[in-house]
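Content type compact mmCIF, N, CA and C atoms, from the file input13.txt:
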```txt
# COMPACT_ATOMS: atom_id res chain seq x y z
N MET O 241 -123.59 -200.98 77.25
CA MET O 241 -123.22 -202.38 77.17
C MET O 241 -123.36 -203.03 78.54
N ASN O 242 -123.95 -204.17 78.55
CA ASN O 242 -124.19 -204.90 79.78
C ASN O 242 -123.05 -205.88 80.00
N ILE O 243 -122.35 -205.75 81.13
CA ILE O 243 -121.21 -206.62 81.42
C ILE O 243 -121.62 -208.09 81.49
N LYS O 244 -122.78 -208.36 82.07
CA LYS O 244 -123.22 -209.75 82.19
C LYS O 244 -123.48 -210.37 80.83
N GLY O 245 -124.09 -209.59 79.94
CA GLY O 245 -124.45 -210.11 78.64
C GLY O 245 -123.27 -210.31 77.70
N GLU O 246 -122.31 -209.41 77.75
CA GLU O 246 -121.23 -209.46 76.77
C GLU O 246 -119.96 -210.07 77.33
N VAL O 247 -119.37 -209.42 78.32
CA VAL O 247 -118.07 -209.86 78.82
C VAL O 247 -118.15 -211.24 79.46
N GLU O 248 -119.17 -211.46 80.27
CA GLU O 248 -119.28 -212.78 80.89
C GLU O 248 -119.51 -213.88 79.86
N GLY O 249 -120.21 -213.53 78.78
CA GLY O 249 -120.39 -214.50 77.69
C GLY O 249 -119.06 -214.87 77.05
N TYR O 250 -118.22 -213.86 76.86
CA TYR O 250 -116.90 -214.12 76.28
C TYR O 250 -116.00 -214.87 77.26
N LEU O 251 -116.11 -214.53 78.53
CA LEU O 251 -115.32 -215.26 79.53
C LEU O 251 -115.75 -216.73 79.60
N THR O 252 -117.04 -216.96 79.52
CA THR O 252 -117.55 -218.34 79.50
C THR O 252 -117.04 -219.08 78.27
N GLN O 253 -117.04 -218.38 77.14
CA GLN O 253 -116.54 -218.99 75.91
C GLN O 253 -115.07 -219.37 76.05
N ILE O 254 -114.29 -218.50 76.68
CA ILE O 254 -112.87 -218.80 76.90
C ILE O 254 -112.73 -220.01 77.82
N GLU O 255 -113.51 -220.03 78.90
CA GLU O 255 -113.46 -221.16 79.84
C GLU O 255 -113.82 -222.48 79.17
N GLN O 256 -114.76 -222.45 78.24
CA GLN O 256 -115.18 -223.67 77.56
C GLN O 256 -114.22 -224.07 76.45
N THR O 257 -113.62 -223.10 75.79
CA THR O 257 -112.77 -223.39 74.65
C THR O 257 -111.34 -223.75 75.05
N ALA O 258 -110.85 -223.19 76.13
CA ALA O 258 -109.45 -223.42 76.55
C ALA O 258 -109.12 -224.90 76.73
N PRO O 259 -109.94 -225.68 77.43
CA PRO O 259 -109.61 -227.11 77.56
C PRO O 259 -109.63 -227.85 76.22
N LYS O 260 -110.54 -227.47 75.35
CA LYS O 260 -110.61 -228.09 74.02
C LYS O 260 -109.34 -227.76 73.23
N TYR O 261 -108.89 -226.52 73.35
CA TYR O 261 -107.67 -226.09 72.66
C TYR O 261 -106.47 -226.87 73.20
N ALA O 262 -106.38 -227.01 74.50
CA ALA O 262 -105.28 -227.76 75.11
C ALA O 262 -105.27 -229.21 74.62
N LYS O 263 -106.44 -229.80 74.55
CA LYS O 263 -106.55 -231.19 74.08
C LYS O 263 -106.14 -231.29 72.61
N ALA O 264 -106.57 -230.34 71.80
CA ALA O 264 -106.20 -230.35 70.38
C ALA O 264 -104.70 -230.18 70.21
N LYS O 265 -104.11 -229.32 71.01
CA LYS O 265 -102.66 -229.09 70.94
C LYS O 265 -101.90 -230.36 71.33
N ALA O 266 -102.38 -231.03 72.37
CA ALA O 266 -101.76 -232.29 72.81
C ALA O 266 -101.89 -233.36 71.73
N GLU O 267 -103.04 -233.40 71.08
CA GLU O 267 -103.26 -234.38 70.01
C GLU O 267 -102.30 -234.13 68.85
N THR O 268 -102.10 -232.88 68.50
CA THR O 268 -101.16 -232.55 67.43
C THR O 268 -99.76 -233.02 67.81
N TYR O 269 -99.37 -232.77 69.05
CA TYR O 269 -98.04 -233.18 69.51
C TYR O 269 -97.90 -234.70 69.47
N GLN O 270 -98.92 -235.40 69.97
CA GLN O 270 -98.87 -236.86 69.98
C GLN O 270 -98.76 -237.43 68.57
N LEU O 271 -99.54 -236.90 67.66
CA LEU O 271 -99.49 -237.40 66.28
C LEU O 271 -98.15 -237.12 65.63
N THR O 272 -97.58 -235.96 65.92
CA THR O 272 -96.27 -235.62 65.36
C THR O 272 -95.20 -236.57 65.88
N GLU O 273 -95.25 -236.86 67.18
CA GLU O 273 -94.29 -237.79 67.76
C GLU O 273 -94.52 -239.21 67.25
N TYR O 274 -95.78 -239.59 67.10
CA TYR O 274 -96.11 -240.91 66.57
C TYR O 274 -95.57 -241.07 65.16
N LYS O 275 -95.66 -240.02 64.36
CA LYS O 275 -95.16 -240.07 62.99
C LYS O 275 -93.66 -240.37 62.99
N LYS O 276 -92.93 -239.77 63.91
CA LYS O 276 -91.48 -240.03 63.99
C LYS O 276 -91.21 -241.50 64.31
N THR O 277 -91.94 -242.02 65.28
CA THR O 277 -91.77 -243.43 65.65
C THR O 277 -92.16 -244.34 64.50
N GLN O 278 -93.26 -244.02 63.87
CA GLN O 278 -93.76 -244.81 62.74
C GLN O 278 -92.73 -244.83 61.61
N ARG O 279 -92.17 -243.67 61.30
CA ARG O 279 -91.17 -243.59 60.23
C ARG O 279 -89.93 -244.42 60.58
N SER O 280 -89.52 -244.39 61.84
CA SER O 280 -88.35 -245.17 62.27
C SER O 280 -88.60 -246.67 62.10
N LEU O 281 -89.78 -247.11 62.52
CA LEU O 281 -90.10 -248.53 62.38
C LEU O 281 -90.16 -248.95 60.92
N LEU O 282 -90.77 -248.11 60.10
CA LEU O 282 -90.85 -248.43 58.67
C LEU O 282 -89.48 -248.38 58.01
N TYR O 283 -88.64 -247.49 58.46
CA TYR O 283 -87.30 -247.35 57.87
C TYR O 283 -86.51 -248.65 58.04
N SER O 284 -86.71 -249.32 59.16
CA SER O 284 -85.99 -250.58 59.38
C SER O 284 -86.43 -251.67 58.40
N ARG O 285 -87.65 -251.53 57.83
CA ARG O 285 -88.15 -252.50 56.84
C ARG O 285 -88.00 -251.99 55.42
N ALA O 286 -87.47 -250.79 55.28
CA ALA O 286 -87.44 -250.13 53.97
C ALA O 286 -86.62 -250.90 52.95
N VAL O 287 -87.11 -250.79 51.70
CA VAL O 287 -86.44 -251.41 50.58
C VAL O 287 -85.69 -250.32 49.82
N GLY O 288 -84.43 -250.55 49.57
CA GLY O 288 -83.64 -249.58 48.82
C GLY O 288 -82.19 -249.68 49.22
N LYS O 289 -81.34 -249.21 48.32
CA LYS O 289 -79.90 -249.29 48.57
C LYS O 289 -79.37 -248.03 49.26
N THR O 290 -79.94 -246.90 48.92
CA THR O 290 -79.45 -245.65 49.49
C THR O 290 -80.42 -245.13 50.55
N VAL O 291 -79.93 -244.19 51.30
CA VAL O 291 -80.78 -243.54 52.31
C VAL O 291 -81.97 -242.86 51.63
N ALA O 292 -81.71 -242.21 50.52
CA ALA O 292 -82.78 -241.53 49.78
C ALA O 292 -83.83 -242.52 49.31
N ASP O 293 -83.42 -243.69 48.83
CA ASP O 293 -84.37 -244.72 48.41
C ASP O 293 -85.24 -245.16 49.59
N LYS O 294 -84.61 -245.37 50.73
CA LYS O 294 -85.35 -245.82 51.91
C LYS O 294 -86.31 -244.72 52.39
N GLU O 295 -85.85 -243.49 52.42
CA GLU O 295 -86.71 -242.37 52.83
C GLU O 295 -87.92 -242.26 51.90
N ASN O 296 -87.67 -242.41 50.61
CA ASN O 296 -88.75 -242.34 49.63
C ASN O 296 -89.75 -243.47 49.85
N TRP O 297 -89.25 -244.66 50.11
CA TRP O 297 -90.12 -245.81 50.35
C TRP O 297 -90.99 -245.57 51.59
N VAL O 298 -90.36 -245.09 52.65
CA VAL O 298 -91.09 -244.81 53.89
C VAL O 298 -92.17 -243.76 53.65
N SER O 299 -91.83 -242.71 52.93
CA SER O 299 -92.78 -241.62 52.68
C SER O 299 -93.99 -242.07 51.87
N MET O 300 -93.82 -243.11 51.07
CA MET O 300 -94.92 -243.57 50.22
C MET O 300 -95.85 -244.57 50.91
N GLN O 301 -95.51 -244.98 52.12
CA GLN O 301 -96.33 -245.97 52.82
C GLN O 301 -97.66 -245.36 53.26
N PRO O 302 -98.75 -246.11 53.10
CA PRO O 302 -100.08 -245.58 53.45
C PRO O 302 -100.21 -245.18 54.92
N GLU O 303 -99.50 -245.88 55.80
CA GLU O 303 -99.57 -245.53 57.22
C GLU O 303 -99.06 -244.12 57.47
N VAL O 304 -97.97 -243.77 56.79
CA VAL O 304 -97.37 -242.44 56.95
C VAL O 304 -98.31 -241.39 56.37
N THR O 305 -98.86 -241.66 55.22
CA THR O 305 -99.79 -240.73 54.58
C THR O 305 -101.00 -240.49 55.47
N LYS O 306 -101.53 -241.55 56.04
CA LYS O 306 -102.69 -241.43 56.92
C LYS O 306 -102.35 -240.60 58.17
N THR O 307 -101.17 -240.82 58.73
CA THR O 307 -100.75 -240.05 59.90
C THR O 307 -100.58 -238.58 59.55
N ILE O 308 -100.02 -238.30 58.40
CA ILE O 308 -99.85 -236.91 57.97
C ILE O 308 -101.20 -236.23 57.79
N GLU O 309 -102.15 -236.94 57.23
CA GLU O 309 -103.51 -236.40 57.10
C GLU O 309 -104.13 -236.14 58.47
N GLY O 310 -103.88 -237.04 59.41
CA GLY O 310 -104.37 -236.85 60.78
C GLY O 310 -103.75 -235.63 61.44
N ILE O 311 -102.48 -235.42 61.19
CA ILE O 311 -101.80 -234.24 61.73
C ILE O 311 -102.41 -232.97 61.14
N ALA O 312 -102.70 -232.99 59.86
CA ALA O 312 -103.30 -231.82 59.21
C ALA O 312 -104.66 -231.50 59.82
N VAL O 313 -105.47 -232.51 60.04
CA VAL O 313 -106.79 -232.30 60.66
C VAL O 313 -106.62 -231.77 62.08
N SER O 314 -105.68 -232.33 62.80
CA SER O 314 -105.43 -231.91 64.17
C SER O 314 -104.97 -230.45 64.24
N ILE O 315 -104.08 -230.06 63.34
CA ILE O 315 -103.61 -228.67 63.30
C ILE O 315 -104.76 -227.73 62.94
N GLU O 316 -105.59 -228.15 62.00
CA GLU O 316 -106.74 -227.32 61.62
C GLU O 316 -107.66 -227.09 62.82
N ASN O 317 -107.94 -228.15 63.57
CA ASN O 317 -108.78 -228.04 64.75
C ASN O 317 -108.12 -227.15 65.81
N GLU O 318 -106.84 -227.36 66.02
CA GLU O 318 -106.10 -226.56 67.00
C GLU O 318 -106.14 -225.07 66.64
N GLU O 319 -105.91 -224.75 65.39
CA GLU O 319 -105.92 -223.35 64.95
C GLU O 319 -107.31 -222.73 65.04
N ARG O 320 -108.33 -223.50 64.71
CA ARG O 320 -109.70 -223.00 64.82
C ARG O 320 -110.00 -222.62 66.27
N LEU O 321 -109.63 -223.49 67.19
CA LEU O 321 -109.87 -223.22 68.61
C LEU O 321 -109.03 -222.05 69.11
N ARG O 322 -107.79 -221.96 68.64
CA ARG O 322 -106.92 -220.86 69.04
C ARG O 322 -107.53 -219.53 68.63
N TRP O 323 -108.07 -219.48 67.41
CA TRP O 323 -108.68 -218.25 66.93
C TRP O 323 -110.00 -217.95 67.64
N GLU O 324 -110.74 -218.96 68.04
CA GLU O 324 -111.94 -218.72 68.84
C GLU O 324 -111.56 -218.04 70.16
N LEU O 325 -110.49 -218.53 70.77
CA LEU O 325 -110.01 -217.91 72.00
C LEU O 325 -109.57 -216.47 71.76
N LYS O 326 -108.81 -216.29 70.68
CA LYS O 326 -108.30 -214.95 70.37
C LYS O 326 -109.44 -213.97 70.12
N VAL O 327 -110.45 -214.37 69.39
CA VAL O 327 -111.59 -213.49 69.11
C VAL O 327 -112.30 -213.11 70.40
N ALA O 328 -112.51 -214.06 71.30
CA ALA O 328 -113.16 -213.76 72.58
C ALA O 328 -112.30 -212.78 73.38
N GLU O 329 -110.99 -213.00 73.39
CA GLU O 329 -110.09 -212.08 74.09
C GLU O 329 -110.15 -210.68 73.49
N LEU O 330 -110.20 -210.60 72.18
CA LEU O 330 -110.27 -209.29 71.52
C LEU O 330 -111.58 -208.57 71.83
N HIS O 331 -112.67 -209.30 71.90
CA HIS O 331 -113.95 -208.69 72.27
C HIS O 331 -113.87 -208.08 73.68
N ILE O 332 -113.22 -208.80 74.57
CA ILE O 332 -113.06 -208.29 75.94
C ILE O 332 -112.18 -207.04 75.93
N GLU O 333 -111.12 -207.05 75.15
CA GLU O 333 -110.23 -205.89 75.06
C GLU O 333 -110.96 -204.67 74.49
N VAL O 334 -111.79 -204.89 73.49
CA VAL O 334 -112.59 -203.79 72.92
C VAL O 334 -113.51 -203.24 74.00
N TRP O 335 -114.16 -204.11 74.74
CA TRP O 335 -115.05 -203.68 75.81
C TRP O 335 -114.29 -202.86 76.86
N ARG O 336 -113.10 -203.33 77.22
CA ARG O 336 -112.28 -202.61 78.21
C ARG O 336 -111.91 -201.22 77.69
N THR O 337 -111.54 -201.13 76.42
CA THR O 337 -111.19 -199.84 75.83
C THR O 337 -112.39 -198.91 75.84
N GLU O 338 -113.55 -199.43 75.48
CA GLU O 338 -114.76 -198.61 75.50
C GLU O 338 -115.06 -198.12 76.90
N GLN O 339 -114.88 -198.97 77.89
CA GLN O 339 -115.12 -198.56 79.28
C GLN O 339 -114.14 -197.47 79.71
N ALA O 340 -112.89 -197.62 79.32
CA ALA O 340 -111.89 -196.60 79.65
C ALA O 340 -112.22 -195.27 78.97
N ASN O 341 -112.67 -195.34 77.73
CA ASN O 341 -113.05 -194.12 77.01
C ASN O 341 -114.25 -193.45 77.68
N ARG O 342 -115.21 -194.24 78.12
CA ARG O 342 -116.38 -193.68 78.81
C ARG O 342 -115.98 -192.99 80.12
N ARG O 343 -115.07 -193.64 80.87
CA ARG O 343 -114.62 -193.03 82.12
C ARG O 343 -113.93 -191.70 81.84
N LEU O 344 -113.14 -191.67 80.79
CA LEU O 344 -112.43 -190.45 80.41
C LEU O 344 -113.43 -189.36 79.99
N GLU O 345 -114.44 -189.72 79.23
CA GLU O 345 -115.46 -188.76 78.79
C GLU O 345 -116.20 -188.18 80.01
N HIS O 346 -116.54 -189.04 80.97
CA HIS O 346 -117.26 -188.57 82.16
C HIS O 346 -116.36 -187.65 83.00
N LYS O 347 -115.09 -187.95 83.00
CA LYS O 347 -114.15 -187.14 83.75
C LYS O 347 -114.00 -185.75 83.13
N ILE O 348 -113.97 -185.72 81.79
CA ILE O 348 -113.82 -184.45 81.06
C ILE O 348 -115.09 -183.60 81.20
N LEU O 349 -116.24 -184.24 81.12
CA LEU O 349 -117.51 -183.51 81.21
C LEU O 349 -117.76 -183.17 82.63
```

Would you give me this structure, written as structure tokens?
Amino acid sequence: MNIKGEVEGYLTQIEQTAPKYAKAKAETYQLTEYKKTQRSLLYSRAVGKTVADKENWVSMQPEVTKTIEGIAVSIENEERLRWELKVAELHIEVWRTEQANRRLEHKIL
């Protein structure tokens, strides 16, 4: 196995994916916080006599539904990037294990 071809490729992948993952994670956080603010603003305009009626009204608003869909897309992107990082890390760990096994074999022989 060539270190330049394999490990450096995975390291480069980690370097390129990590900022994207951080951005996706921040976007998920921002959308989640925005949803809370949005719900609060809508709650003040809510129609209904009980808290449950108002909560139901807020939940049915298209703005809230759109934000929830945005959060779902953001989480999906975040998880995809997280797993890309994890796979690259696992490839490096496999390579390290193989190298350790080779050193041990050479030592025994």

Exercise. Identify which of the residues O:Met300, O:Glu248, O:Ala264, O:Ala258 lies closest to Glu318 in chain O, counting only C-alpha atoms when measuring atom-to-atom distances.
Key: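 Of all the options, O:Ala264 lies closest to Glu318 in chain O.
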
Around all the atoms of range 273-289 of chain O listed in the file, draw an axis-aligned box and extend it by 3 Å on each of the six sides; I want its centre and edge lengths in Å to one decimal, as AutoDock Vina command-line options.
```
--center_x -87.7 --center_y -244.7 --center_z 58.0 --size_x 22.7 --size_y 21.6 --size_z 25.4
```

Quiz prompt | Residue among O:Ala286, O:Ile311, O:Leu321, O:Val291 lying closest to Ala262 in chain O, counting only C-alpha atoms | solution =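 Looking only at the distances to Ala262 in chain O, the closest residue turns out to be O:Leu321.
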
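Using all atoms listed in the file, the smallest distance between any of O:Asn341, O:Gln253, O:Glu295, O:Glu267 and Ser314 in chain O comes from O:Glu267.
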
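Between CA of Lys275 in chain O and CA of Thr257 in chain O the separation is 26.9 Å.
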
What are the closest atom pairs, with distances in Å to one decimal, for each residue of range 242-264 of chain O lying within 8 Å of range 331-338 of chain O, using only N, CA and C atoms, rows by chain and rising residue number, as a tab-separated table?
```
residue	atom	partner	partner_atom	distance
O:Glu246	C	O:Ile332	CA	7.3
O:Val247	CA	O:Ile332	CA	6.0
O:Tyr250	CA	O:Ile332	N	6.7
O:Leu251	N	O:Ile332	CA	7.4
```

Quiz item: Within 8 Å of Gly310 in chain O, counting all atoms listed in the file, which residues qualify if same-chain residues fewer than 3 places away don't, as a list in words?
Solution: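 After dropping sequence-adjacent residues, the list is Glu267, Thr268, Leu271, Thr272, Val304, Thr305, Lys306, Thr307, Val313, Ser314, Ile315 and Glu316 of chain O.
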
Mind dumping the selected residues with N, CA and C atoms as a PDB file, in the coordinates of the input?
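What follows is the written file part-v5.pdb:
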```pdb
ATOM      1  N   GLU O 267    -103.040-233.400  71.080  1.00  0.00           N
ATOM      2  CA  GLU O 267    -103.260-234.380  70.010  1.00  0.00           C
ATOM      3  C   GLU O 267    -102.300-234.130  68.850  1.00  0.00           C
ATOM      4  N   THR O 268    -102.100-232.880  68.500  1.00  0.00           N
ATOM      5  CA  THR O 268    -101.160-232.550  67.430  1.00  0.00           C
ATOM      6  C   THR O 268     -99.760-233.020  67.810  1.00  0.00           C
ATOM      7  N   LEU O 271     -99.540-236.900  67.660  1.00  0.00           N
ATOM      8  CA  LEU O 271     -99.490-237.400  66.280  1.00  0.00           C
ATOM      9  C   LEU O 271     -98.150-237.120  65.630  1.00  0.00           C
ATOM     10  N   THR O 272     -97.580-235.960  65.920  1.00  0.00           N
ATOM     11  CA  THR O 272     -96.270-235.620  65.360  1.00  0.00           C
ATOM     12  C   THR O 272     -95.200-236.570  65.880  1.00  0.00           C
ATOM     13  N   VAL O 304     -97.970-243.770  56.790  1.00  0.00           N
ATOM     14  CA  VAL O 304     -97.370-242.440  56.950  1.00  0.00           C
ATOM     15  C   VAL O 304     -98.310-241.390  56.370  1.00  0.00           C
ATOM     16  N   THR O 305     -98.860-241.660  55.220  1.00  0.00           N
ATOM     17  CA  THR O 305     -99.790-240.730  54.580  1.00  0.00           C
ATOM     18  C   THR O 305    -101.000-240.490  55.470  1.00  0.00           C
ATOM     19  N   LYS O 306    -101.530-241.550  56.040  1.00  0.00           N
ATOM     20  CA  LYS O 306    -102.690-241.430  56.920  1.00  0.00           C
ATOM     21  C   LYS O 306    -102.350-240.600  58.170  1.00  0.00           C
ATOM     22  N   THR O 307    -101.170-240.820  58.730  1.00  0.00           N
ATOM     23  CA  THR O 307    -100.750-240.050  59.900  1.00  0.00           C
ATOM     24  C   THR O 307    -100.580-238.580  59.550  1.00  0.00           C
ATOM     25  N   VAL O 313    -105.470-232.510  60.040  1.00  0.00           N
ATOM     26  CA  VAL O 313    -106.790-232.300  60.660  1.00  0.00           C
ATOM     27  C   VAL O 313    -106.620-231.770  62.080  1.00  0.00           C
ATOM     28  N   SER O 314    -105.680-232.330  62.800  1.00  0.00           N
ATOM     29  CA  SER O 314    -105.430-231.910  64.170  1.00  0.00           C
ATOM     30  C   SER O 314    -104.970-230.450  64.240  1.00  0.00           C
ATOM     31  N   ILE O 315    -104.080-230.060  63.340  1.00  0.00           N
ATOM     32  CA  ILE O 315    -103.610-228.670  63.300  1.00  0.00           C
ATOM     33  C   ILE O 315    -104.760-227.730  62.940  1.00  0.00           C
ATOM     34  N   GLU O 316    -105.590-228.150  62.000  1.00  0.00           N
ATOM     35  CA  GLU O 316    -106.740-227.320  61.620  1.00  0.00           C
ATOM     36  C   GLU O 316    -107.660-227.090  62.820  1.00  0.00           C
TER      37      GLU O 316
END
```

Self-check item: Which of O:Val298, O:Ala266, O:Ala328, O:Leu344 sits closest to Arg279 in chain O [using all atoms listed in the file]
Solution: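 Looking only at the distances to Arg279 in chain O, the closest residue turns out to be O:Val298.
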
Quiz prompt | Between atom C of Leu325 in chain O and atom N of Gln256 in chain O, distance in Å (one decimal) | solution =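 One can read the atom C of Leu325 in chain O to atom N of Gln256 in chain O distance as 10.2 Å.
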
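Note that CA of Glu329 in chain O and atom N of Ile254 in chain O are 8.1 Å apart.
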